[in-house]
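So this one's run.csv, CSV, C-alpha atoms:
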```csv
chain,number,residue,atom,x,y,z
A,1,MET,CA,0.0,0.0,0.0
A,2,SER,CA,2.9,2.4,0.5
A,3,ILE,CA,5.1,3.8,-2.0
A,4,THR,CA,8.5,2.8,-0.8
A,5,ALA,CA,11.9,3.7,-2.2
A,6,ASP,CA,12.2,0.4,-4.1
A,7,SER,CA,8.7,0.0,-5.5
A,8,LYS,CA,9.0,0.0,-9.2
A,9,PHE,CA,7.2,1.8,-11.9
A,10,HIS,CA,5.0,-0.4,-14.0
A,11,VAL,CA,5.1,-0.2,-17.8
A,12,LEU,CA,2.6,-1.8,-20.2
A,13,ALA,CA,4.3,-2.6,-23.5
A,14,VAL,CA,2.2,-3.3,-26.6
A,15,ASP,CA,3.7,-4.8,-29.7
A,16,ASP,CA,2.5,-7.5,-32.1
A,17,SER,CA,6.0,-8.7,-32.8
A,18,LEU,CA,7.2,-11.3,-30.4
A,19,ILE,CA,10.8,-10.4,-30.9
A,20,ASP,CA,10.2,-6.8,-30.2
A,21,ARG,CA,8.1,-7.7,-27.1
A,22,LYS,CA,11.1,-9.7,-25.8
A,23,LEU,CA,13.4,-6.8,-26.5
A,24,ILE,CA,11.3,-4.1,-24.9
A,25,GLU,CA,10.6,-6.3,-21.9
A,26,ARG,CA,14.3,-6.9,-21.4
A,27,LEU,CA,15.2,-3.2,-21.9
A,28,LEU,CA,12.5,-2.2,-19.4
A,29,LYS,CA,13.5,-4.8,-16.8
A,30,ILE,CA,17.2,-3.8,-17.0
A,31,SER,CA,16.0,-0.2,-16.4
A,32,SER,CA,14.3,-1.5,-13.2
A,33,TYR,CA,10.7,-1.3,-14.3
A,34,GLN,CA,8.0,-3.8,-13.7
A,35,VAL,CA,6.8,-4.9,-17.1
A,36,THR,CA,3.6,-6.3,-18.6
A,37,THR,CA,3.6,-7.1,-22.4
A,38,VAL,CA,0.5,-7.6,-24.6
A,39,ASP,CA,0.4,-8.2,-28.3
A,40,SER,CA,-2.5,-5.9,-29.3
A,41,GLY,CA,-4.2,-2.6,-28.6
A,42,SER,CA,-7.4,-4.3,-27.6
A,43,LYS,CA,-5.6,-6.5,-25.1
A,44,ALA,CA,-3.9,-3.4,-23.8
A,45,LEU,CA,-7.3,-1.7,-23.2
A,46,GLU,CA,-8.6,-4.9,-21.6
A,47,PHE,CA,-5.6,-4.9,-19.2
A,48,LEU,CA,-6.2,-1.3,-18.4
A,49,GLY,CA,-9.8,-2.1,-17.4
A,50,LEU,CA,-11.3,-0.2,-20.3
A,51,HIS,CA,-13.7,-1.8,-22.7
A,52,GLU,CA,-13.8,-0.4,-26.1
A,53,ASP,CA,-17.4,0.8,-25.9
A,54,ASP,CA,-17.3,2.7,-22.7
A,55,GLN,CA,-14.4,5.0,-23.1
A,56,SER,CA,-16.2,8.2,-22.4
A,57,ASN,CA,-18.1,7.2,-19.3
A,58,PRO,CA,-16.0,7.7,-16.1
A,59,GLU,CA,-18.5,6.3,-13.7
A,60,THR,CA,-19.1,3.0,-15.3
A,61,PRO,CA,-21.1,0.6,-13.1
A,62,SER,CA,-19.2,-1.9,-11.0
A,63,VAL,CA,-19.7,-4.6,-13.7
A,64,SER,CA,-16.9,-3.2,-15.8
A,65,PRO,CA,-14.7,-1.7,-13.1
A,66,ASN,CA,-11.6,0.4,-13.6
A,67,ASN,CA,-9.1,-1.8,-11.9
A,68,ASN,CA,-6.3,0.7,-11.8
A,69,GLN,CA,-5.7,0.1,-8.1
A,70,GLU,CA,-4.6,-3.5,-8.7
A,71,VAL,CA,-2.8,-2.9,-11.9
A,72,GLU,CA,-1.5,0.6,-11.7
A,73,VAL,CA,0.2,1.4,-14.9
A,74,ASN,CA,2.6,4.3,-14.9
A,75,LEU,CA,3.4,4.3,-18.6
A,76,ILE,CA,2.3,2.7,-21.8
A,77,ILE,CA,4.7,2.1,-24.6
A,78,THR,CA,3.3,0.9,-27.9
A,79,ASP,CA,4.3,0.0,-31.4
A,80,TYR,CA,2.7,2.1,-34.1
A,81,CYS,CA,2.2,-0.4,-36.8
A,82,MET,CA,-0.1,-3.2,-35.5
A,83,PRO,CA,-2.8,-5.1,-37.3
A,84,GLY,CA,-6.3,-4.0,-36.2
A,85,MET,CA,-5.9,-1.3,-33.7
A,86,THR,CA,-2.7,0.7,-34.5
A,87,GLY,CA,-0.6,2.4,-31.8
A,88,TYR,CA,-2.2,5.7,-32.8
A,89,ASP,CA,-5.7,4.3,-32.4
A,90,LEU,CA,-4.7,3.0,-29.0
A,91,LEU,CA,-3.3,6.4,-28.1
A,92,LYS,CA,-6.5,8.1,-29.1
A,93,LYS,CA,-8.6,5.8,-27.0
A,94,ILE,CA,-6.4,6.3,-24.0
A,95,LYS,CA,-6.5,10.1,-24.3
A,96,GLU,CA,-10.3,10.0,-24.7
A,97,SER,CA,-10.7,8.0,-21.5
A,98,SER,CA,-11.1,10.1,-18.4
A,99,SER,CA,-9.7,7.3,-16.3
A,100,LEU,CA,-6.7,6.6,-18.5
A,101,ARG,CA,-5.8,9.9,-20.1
A,102,ASN,CA,-3.2,10.8,-17.4
A,103,ILE,CA,-1.1,7.8,-18.2
A,104,PRO,CA,1.9,8.8,-20.3
A,105,VAL,CA,2.0,7.1,-23.7
A,106,VAL,CA,5.1,6.5,-25.8
A,107,ILE,CA,5.0,5.4,-29.4
A,108,MET,CA,7.6,3.2,-31.2
A,109,SER,CA,8.0,2.8,-34.9
A,110,SER,CA,10.5,1.2,-37.2
A,111,GLU,CA,9.8,3.9,-39.8
A,112,ASN,CA,10.9,7.5,-39.6
A,113,VAL,CA,7.8,9.3,-41.0
A,114,PRO,CA,7.7,12.9,-39.8
A,115,SER,CA,4.0,13.3,-40.3
A,116,ARG,CA,3.4,10.2,-38.3
A,117,ILE,CA,5.6,11.5,-35.5
A,118,THR,CA,3.8,14.9,-35.5
A,119,ARG,CA,0.4,13.3,-35.5
A,120,CYS,CA,1.2,11.1,-32.5
A,121,LEU,CA,2.8,14.0,-30.5
A,122,GLU,CA,-0.2,16.2,-31.2
A,123,GLU,CA,-2.5,13.5,-30.0
A,124,GLY,CA,-0.7,13.5,-26.7
A,125,ALA,CA,2.1,11.0,-27.0
A,126,GLU,CA,5.0,12.0,-24.8
A,127,GLU,CA,7.7,10.6,-26.9
A,128,PHE,CA,8.3,8.8,-30.2
A,129,PHE,CA,11.0,6.2,-30.3
A,130,LEU,CA,12.5,4.9,-33.5
A,131,LYS,CA,13.1,1.1,-33.5
A,132,PRO,CA,15.2,-0.6,-32.6
A,133,VAL,CA,14.8,1.0,-29.2
A,134,GLN,CA,18.0,1.6,-27.2
A,135,LEU,CA,18.6,1.5,-23.5
A,136,SER,CA,19.4,5.2,-23.7
A,137,ASP,CA,16.0,5.9,-25.1
A,138,LEU,CA,14.4,4.5,-21.9
A,139,ASN,CA,16.2,7.1,-19.8
A,140,ARG,CA,13.7,9.6,-21.2
A,141,LEU,CA,10.8,7.7,-19.7
A,142,LYS,CA,11.3,8.4,-16.0
A,143,PRO,CA,10.4,12.1,-16.0
A,144,HIS,CA,7.1,11.4,-17.6
A,145,MET,CA,6.3,8.7,-15.0
A,146,MET,CA,7.5,10.9,-12.1
A,147,LYS,CA,5.3,13.8,-13.3
A,148,THR,CA,2.2,11.7,-13.2
A,149,LYS,CA,3.2,10.1,-9.9
A,150,ILE,CA,3.7,13.4,-8.3
A,151,LYS,CA,0.4,14.6,-9.6
A,152,THR,CA,-1.4,11.5,-8.3
A,153,GLN,CA,0.4,11.8,-4.9
A,154,LYS,CA,-0.7,15.4,-4.6
A,155,GLN,CA,-4.3,14.5,-5.3
A,156,GLU,CA,-4.1,11.7,-2.8
A,157,ASN,CA,-2.6,13.8,-0.1
A,158,GLU,CA,-5.4,16.3,-0.6
A,159,GLU,CA,-7.9,13.5,-0.4
A,160,ILE,CA,-6.4,12.3,2.9
A,161,GLN,CA,-6.6,15.8,4.3
A,162,GLU,CA,-10.2,16.1,3.4
A,163,LEU,CA,-11.0,12.7,5.1
A,164,GLN,CA,-9.3,13.6,8.3
A,165,PRO,CA,-11.5,15.4,11.0
A,166,PRO,CA,-10.9,19.1,11.0
A,167,PRO,CA,-8.2,20.2,13.5
A,168,PRO,CA,-9.6,21.5,16.8
A,169,PRO,CA,-10.2,25.2,16.5
A,170,PRO,CA,-7.5,27.3,17.9
A,171,PRO,CA,-8.2,29.0,21.2
A,172,PRO,CA,-9.8,32.3,20.7
A,173,PRO,CA,-7.0,34.8,20.3
A,174,PRO,CA,-6.5,37.8,22.4
A,175,PRO,CA,-8.2,40.8,20.8
A,176,GLN,CA,-5.1,42.3,19.3
A,177,GLN,CA,-4.5,39.2,17.2
A,178,LEU,CA,-7.8,39.3,15.5
A,179,PRO,CA,-6.6,40.5,12.1
A,180,ASN,CA,-4.3,37.4,11.9
A,181,ASN,CA,-7.2,35.1,12.6
A,182,SER,CA,-9.4,36.4,10.0
A,183,LYS,CA,-6.6,36.3,7.5
A,184,ARG,CA,-6.1,32.6,8.2
A,185,LYS,CA,-9.8,31.9,7.9
A,186,ALA,CA,-9.9,33.6,4.5
A,187,MET,CA,-7.1,31.3,3.3
A,188,GLU,CA,-8.8,28.2,4.6
A,189,GLU,CA,-12.0,29.1,2.9
A,190,GLY,CA,-10.1,29.5,-0.4
A,191,LEU,CA,-9.0,25.9,-0.2
A,192,SER,CA,-11.8,23.4,-0.4
A,193,PRO,CA,-15.3,24.4,-1.4
A,194,ASP,CA,-15.4,24.3,-5.2
A,195,ARG,CA,-12.9,21.5,-5.8
A,196,THR,CA,-14.6,18.3,-7.0
A,197,ARG,CA,-14.2,15.4,-4.7
A,198,PRO,CA,-11.3,13.4,-6.1
A,199,ARG,CA,-11.7,9.7,-6.9
A,200,TYR,CA,-11.0,7.2,-4.2
A,201,ASN,CA,-9.7,4.4,-6.3
A,202,ASN,CA,-6.1,5.5,-6.0
A,203,ILE,CA,-6.2,5.8,-2.3
A,204,THR,CA,-4.7,2.4,-1.7
A,205,THR,CA,-1.4,3.6,-3.0
A,206,VAL,CA,-1.1,6.4,-0.4
A,207,VAL,CA,1.6,6.2,2.2
B,1,MET,CA,45.4,-25.7,-20.6
B,2,LEU,CA,41.6,-25.7,-20.5
B,3,GLY,CA,41.7,-22.0,-19.6
B,4,LEU,CA,43.7,-21.5,-22.7
B,5,GLY,CA,41.0,-23.2,-24.6
B,6,ALA,CA,38.4,-20.9,-23.3
B,7,ASP,CA,40.4,-17.9,-24.2
B,8,ARG,CA,41.1,-19.2,-27.7
B,9,LEU,CA,37.4,-19.9,-28.2
B,10,ARG,CA,36.6,-16.4,-27.2
B,11,ALA,CA,39.2,-15.1,-29.7
B,12,ASP,CA,37.5,-17.2,-32.4
B,13,MET,CA,34.2,-15.8,-31.5
B,14,ASN,CA,35.4,-12.3,-31.7
B,15,ARG,CA,37.0,-13.0,-35.0
B,16,LEU,CA,33.8,-14.4,-36.4
B,17,LEU,CA,31.9,-11.4,-35.1
B,18,ALA,CA,34.3,-9.0,-36.6
B,19,LEU,CA,34.0,-10.7,-39.9
B,20,LEU,CA,30.2,-10.6,-39.8
B,21,PHE,CA,30.4,-6.9,-39.0
B,22,HIS,CA,32.9,-6.3,-41.7
B,23,GLN,CA,30.7,-8.1,-44.2
B,24,GLY,CA,27.7,-6.0,-43.1
B,25,VAL,CA,25.8,-9.2,-42.1
B,26,LEU,CA,25.4,-7.8,-38.6
B,27,ASP,CA,25.3,-4.3,-37.3
B,28,GLU,CA,25.5,-2.5,-33.9
B,29,GLN,CA,22.0,-3.7,-32.9
B,30,PHE,CA,23.5,-7.2,-32.5
B,31,LEU,CA,25.9,-5.7,-30.0
B,32,GLN,CA,23.0,-4.1,-28.2
B,33,LEU,CA,21.4,-7.6,-27.9
B,34,GLN,CA,24.6,-8.9,-26.3
B,35,GLN,CA,24.6,-6.1,-23.8
B,36,LEU,CA,21.1,-7.1,-22.7
B,37,GLN,CA,22.4,-10.5,-21.8
B,38,ASP,CA,23.7,-11.0,-18.2
B,39,GLU,CA,23.5,-13.4,-15.3
B,40,SER,CA,19.8,-12.8,-14.8
B,41,SER,CA,19.1,-13.5,-18.5
B,42,PRO,CA,22.1,-15.6,-19.6
B,43,ASN,CA,20.6,-17.0,-22.8
B,44,PHE,CA,18.9,-13.9,-24.0
B,45,VAL,CA,20.7,-13.6,-27.3
B,46,SER,CA,20.2,-17.2,-28.4
B,47,GLU,CA,16.5,-17.0,-27.3
B,48,VAL,CA,15.8,-14.0,-29.3
B,49,VAL,CA,17.8,-15.2,-32.3
B,50,ASN,CA,16.0,-18.6,-32.2
B,51,ILE,CA,12.6,-16.8,-32.2
B,52,TYR,CA,13.9,-14.9,-35.2
B,53,PHE,CA,14.8,-18.1,-37.1
B,54,HIS,CA,11.5,-19.6,-36.4
B,55,GLU,CA,9.6,-16.6,-37.5
B,56,SER,CA,11.8,-15.9,-40.5
B,57,GLU,CA,11.4,-19.4,-41.9
B,58,LYS,CA,7.6,-19.1,-41.6
B,59,LEU,CA,7.8,-15.7,-43.5
B,60,LEU,CA,10.0,-17.1,-46.2
B,61,ARG,CA,7.7,-20.0,-46.7
B,62,ASN,CA,4.8,-17.6,-47.0
B,63,LEU,CA,6.6,-15.4,-49.4
B,64,ARG,CA,7.6,-18.3,-51.6
B,65,GLY,CA,4.1,-19.7,-51.4
B,66,LEU,CA,2.7,-16.4,-52.6
B,67,LEU,CA,5.1,-16.0,-55.5
B,68,MET,CA,4.8,-19.6,-56.7
B,69,ASP,CA,1.1,-19.1,-57.2
B,70,ARG,CA,0.8,-18.4,-60.9
B,71,GLU,CA,-2.3,-16.3,-60.2
B,72,PHE,CA,-0.6,-14.3,-57.5
B,73,THR,CA,-1.8,-10.7,-57.2
B,74,ASP,CA,-1.8,-10.0,-53.5
B,75,TYR,CA,1.2,-7.7,-53.3
B,76,LYS,CA,-0.3,-6.1,-50.3
B,77,LYS,CA,-0.1,-9.3,-48.3
B,78,MET,CA,3.5,-9.7,-49.4
B,79,GLY,CA,4.2,-6.2,-48.2
B,80,ILE,CA,2.9,-7.1,-44.8
B,81,HIS,CA,5.1,-10.2,-44.6
B,82,LEU,CA,8.1,-8.1,-45.7
B,83,ASN,CA,7.4,-5.4,-43.1
B,84,GLN,CA,7.4,-8.0,-40.4
B,85,PHE,CA,10.6,-9.5,-41.7
B,86,MET,CA,12.3,-6.1,-42.0
B,87,GLY,CA,11.2,-5.2,-38.5
B,88,SER,CA,12.5,-8.4,-36.9
B,89,SER,CA,15.8,-8.3,-38.9
B,90,SER,CA,16.4,-4.8,-37.8
B,91,SER,CA,15.6,-5.7,-34.2
B,92,ILE,CA,18.4,-8.3,-34.1
B,93,GLY,CA,20.9,-6.4,-36.2
B,94,ALA,CA,20.6,-8.6,-39.3
B,95,LYS,CA,21.6,-5.8,-41.6
B,96,ARG,CA,22.0,-7.6,-44.9
B,97,VAL,CA,18.8,-9.5,-44.6
B,98,ARG,CA,17.0,-6.3,-43.8
B,99,ASN,CA,18.4,-4.6,-46.8
B,100,VAL,CA,17.3,-7.3,-49.2
B,101,CYS,CA,13.8,-7.0,-47.7
B,102,VAL,CA,13.9,-3.3,-48.5
B,103,ALA,CA,14.7,-4.0,-52.2
B,104,PHE,CA,12.1,-6.8,-52.2
B,105,ARG,CA,9.5,-4.4,-50.9
B,106,ALA,CA,10.3,-1.9,-53.6
B,107,ALA,CA,9.8,-4.6,-56.3
B,108,SER,CA,6.6,-5.6,-54.6
B,109,GLU,CA,5.3,-2.0,-54.6
B,110,GLN,CA,5.9,-1.9,-58.3
B,111,ASN,CA,4.0,-5.2,-58.7
B,112,ASN,CA,7.2,-6.5,-60.3
B,113,ARG,CA,6.8,-10.3,-60.0
B,114,ALA,CA,10.1,-11.1,-61.6
B,115,GLY,CA,11.9,-8.6,-59.4
B,116,CYS,CA,10.2,-10.2,-56.4
B,117,LEU,CA,11.3,-13.7,-57.3
B,118,ARG,CA,14.9,-12.5,-57.7
B,119,ALA,CA,14.7,-10.7,-54.4
B,120,LEU,CA,13.3,-13.8,-52.7
B,121,GLU,CA,16.2,-15.9,-53.9
B,122,LEU,CA,18.6,-13.4,-52.6
B,123,LEU,CA,16.7,-13.2,-49.3
B,124,GLU,CA,16.8,-17.0,-48.9
B,125,HIS,CA,20.5,-17.0,-49.6
B,126,GLU,CA,21.3,-14.2,-47.1
B,127,TYR,CA,19.1,-15.7,-44.5
B,128,CYS,CA,20.9,-19.1,-44.9
B,129,TYR,CA,24.2,-17.5,-44.5
B,130,LEU,CA,23.2,-15.6,-41.4
B,131,LYS,CA,21.7,-18.7,-39.8
B,132,ASN,CA,24.8,-20.7,-40.4
B,133,LYS,CA,27.0,-18.1,-39.0
B,134,MET,CA,24.8,-17.6,-35.9
B,135,HIS,CA,24.9,-21.3,-35.3
B,136,GLU,CA,28.7,-21.2,-35.6
B,137,LEU,CA,28.8,-18.4,-33.1
B,138,PHE,CA,26.5,-20.2,-30.6
B,139,GLN,CA,28.5,-23.4,-30.9
B,140,LEU,CA,31.7,-21.5,-30.1
B,141,GLU,CA,30.0,-19.8,-27.2
B,142,GLN,CA,28.8,-23.1,-25.8
B,143,GLN,CA,32.3,-24.6,-26.1
B,144,ARG,CA,33.8,-21.6,-24.5
B,145,LEU,CA,31.4,-21.9,-21.5
B,146,LEU,CA,32.2,-25.5,-21.1
B,147,ALA,CA,35.9,-24.9,-21.3
B,148,ALA,CA,35.6,-21.9,-18.9
B,149,GLY,CA,33.3,-23.9,-16.6
B,150,VAL,CA,35.7,-26.7,-16.1
B,151,ARG,CA,38.5,-24.3,-15.2
B,152,TYR,CA,36.6,-22.2,-12.7
B,153,PRO,CA,34.3,-23.5,-10.0
B,154,MET,CA,30.6,-23.1,-10.6
B,155,GLN,CA,29.3,-20.0,-9.0
B,156,ASN,CA,25.7,-19.7,-7.8
```
For this file, produce the structure as structure tokens.
Amino acid sequence: MSITADSKFHVLAVDDSLIDRKLIERLLKISSYQVTTVDSGSKALEFLGLHEDDQSNPETPSVSPNNNQEVEVNLIITDYCMPGMTGYDLLKKIKESSSLRNIPVVIMSSENVPSRITRCLEEGAEEFFLKPVQLSDLNRLKPHMMKTKIKTQKQENEEIQELQPPPPPPPPPPPQQLPNNSKRKAMEEGLSPDRTRPRYNNITTVV
Amino acid sequence: MLGLGADRLRADMNRLLALLFHQGVLDEQFLQLQQLQDESSPNFVSEVVNIYFHESEKLLRNLRGLLMDREFTDYKKMGIHLNQFMGSSSSIGAKRVRNVCVAFRAASEQNNRAGCLRALELLEHEYCYLKNKMHELFQLEQQRLLAAGVRYPMQN
């Protein structure tokens, strides 16, 4: 449940080529990531808990749950050219999903086609790697995963604060300190009211 | 004496690798593969290369099957096989095989059946050469490990 120093980032790798799956898996493991590989975009979506027809509905009924808490994925790296759902299609589906859009996505391709690269980056891919992917390429992954983790941590810390009972009110200050007290109150009021209540499904990862 | 054997085998391996690089049969990607091999994954290179052999032979059979068909017109399908072959060859550093695939694909895009047949022959030839050399390399490696293993105590 806690994020300790040695808990690893989990990467989901998607590629229809067995050789490339083996390669990317090895590269990721050497870089100390936990890895899951799948051979298609649809299997990737399945793994992420998203079924192809309910991408835009965040509050799906418990029948098709978003299981992010068991299988938290910190980054998705996918091949571009795949039969059926391409890497680009997968990227789009992920970015259209309110539950998945924060997961950074990286595209890999064996072909250097500038328009393809631009299209993917514009659709929200963080990086575009040319195959064969090198170990040095993977060094660019961590910042994207850290960014999301920090964002999620912040969200969770705020959730925790909201759940805790409010601190006992300070003893009434002597009259001359009144200006300070009202200033603090103004600050507190600014904090909570309008913010939407964050999801609870990530709470299991909080320290 | 046995230690000397291991060293000599290693030298033989390096010589073979140097030759293959010089001939353009392999490129740096193969070195990358070797760097991914370590104690936690001691057979990584041979595992990947064996998968490559298995897949390549299937692709070659498919390509030949397509071209041998007198009424063949499905160049698109051929293109798909070729892309796969190109990708996997590139992933293991099989440079010459990959380059033949590129030429093959060009012929295919022009619906040039004769050109495709020639490219296929060349592809089969290059692939055969690569496979033989890889087997040689793996044999040397196995012998070297045996020789080194006898000299040094097994470490767990």
Handout entry: Distance in Å - atom CA of Glu57 of chain B versus atom CA of Asn83 of chain B
Key = 14.6 Å
Determine, using all atoms listed in the file, which residues of segment 105-144 of chain B have any atom at most 8 Å from an atom of segment 2-25 of chain B, and tabulate each with its shortest atom pair and distance in Å to one decimal place, rows ordered by chain and then rising number, as a Markdown table.
```
| residue | atom | partner | partner_atom | distance |
| --- | --- | --- | --- | --- |
| B:Leu130 | CA | B:Val25 | CA | 6.9 |
| B:Leu137 | CA | B:Met13 | CA | 6.2 |
| B:Leu140 | CA | B:Leu9 | CA | 6.2 |
| B:Glu141 | CA | B:Met13 | CA | 7.2 |
| B:Gln143 | CA | B:Leu9 | CA | 7.2 |
| B:Arg144 | CA | B:Ala6 | CA | 4.8 |
```
Fill in the blank from the handout: Nearest to Leu91 of chain A, restricted to all atoms listed in the file and choosing among A:Asp137, A:Glu126, A:Glu72, A:Glu25, comes out as A:Glu126
Counting only C-alpha atoms, which residues from chain B have an atom at most 7 Å from any atom of chain A, and could you show them as a PDB file with C-alpha atoms, in the frame of the given file?
```
ATOM      1  CA  LEU B  36      21.100  -7.100 -22.700  1.00  0.00           C
ATOM      2  CA  VAL B  48      15.800 -14.000 -29.300  1.00  0.00           C
ATOM      3  CA  ILE B  51      12.600 -16.800 -32.200  1.00  0.00           C
ATOM      4  CA  TYR B  52      13.900 -14.900 -35.200  1.00  0.00           C
ATOM      5  CA  GLY B  87      11.200  -5.200 -38.500  1.00  0.00           C
ATOM      6  CA  SER B  88      12.500  -8.400 -36.900  1.00  0.00           C
ATOM      7  CA  SER B  90      16.400  -4.800 -37.800  1.00  0.00           C
ATOM      8  CA  SER B  91      15.600  -5.700 -34.200  1.00  0.00           C
TER       9      SER B  91
END
```
Practice task
Calculate how many Å separate atom CA of Thr73 of chain B from atom CA of Ala107 of chain B, rounding to one decimal.
Solution key: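 Atom-to-atom, atom CA of Thr73 of chain B to atom CA of Ala107 of chain B, that is 13.1 Å.
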Exercise for the section: Compare B:Ile80, B:Leu123, B:Ile92, B:Cys116 by their minimum atom-to-atom distance to Gln34 of chain B, counting all atoms listed in the file, and give me the closest one. Expected result: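 Selected residue with least distance to Gln34 of chain B: B:Ile92.
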Exercise for the section: Would you kindly identify which residues have an atom no farther than 12 Å from (7.6, -15.9, -46.7), using all atoms listed in the file and the file's own coordinates, and write them out as an MDAnalysis selection string? Expected result: chainID B and resid 54:68 77:86 101 104 116:117 119:121 123:124 127
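Comparing A:Ile103, A:Ile24, A:Gly124, A:Gly87 by their smallest distance to Met146 of chain A, the closest is A:Ile103 (using only C-alpha atoms).
What separates atom CA of Glu159 of chain A from atom CA of Leu75 of chain A is a distance of 23.3 Å.
For the residues A:Leu28, A:Leu100, A:Val14, A:Val73, ranking by smallest atom-to-atom distance to Ala44 of chain A using only C-alpha atoms places A:Val14 first.
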Exercise for the section: Identify, on the basis of only C-alpha atoms, every residue whose closest approach to segment 35-40 of chain A does not exceed 6 Å; exclude the query and any residue fewer than 4 positions from it along the same chain; express the result as a count of residues only. Expected result: 7
Handout entry: Counting all atoms listed in the file, the option among B:Phe138, B:Ser89, B:Lys133, B:Ala148 closest to Phe44 of chain B
Key =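 Nearest candidate to Phe44 of chain B out of B:Phe138, B:Ser89, B:Lys133, B:Ala148: B:Phe138.
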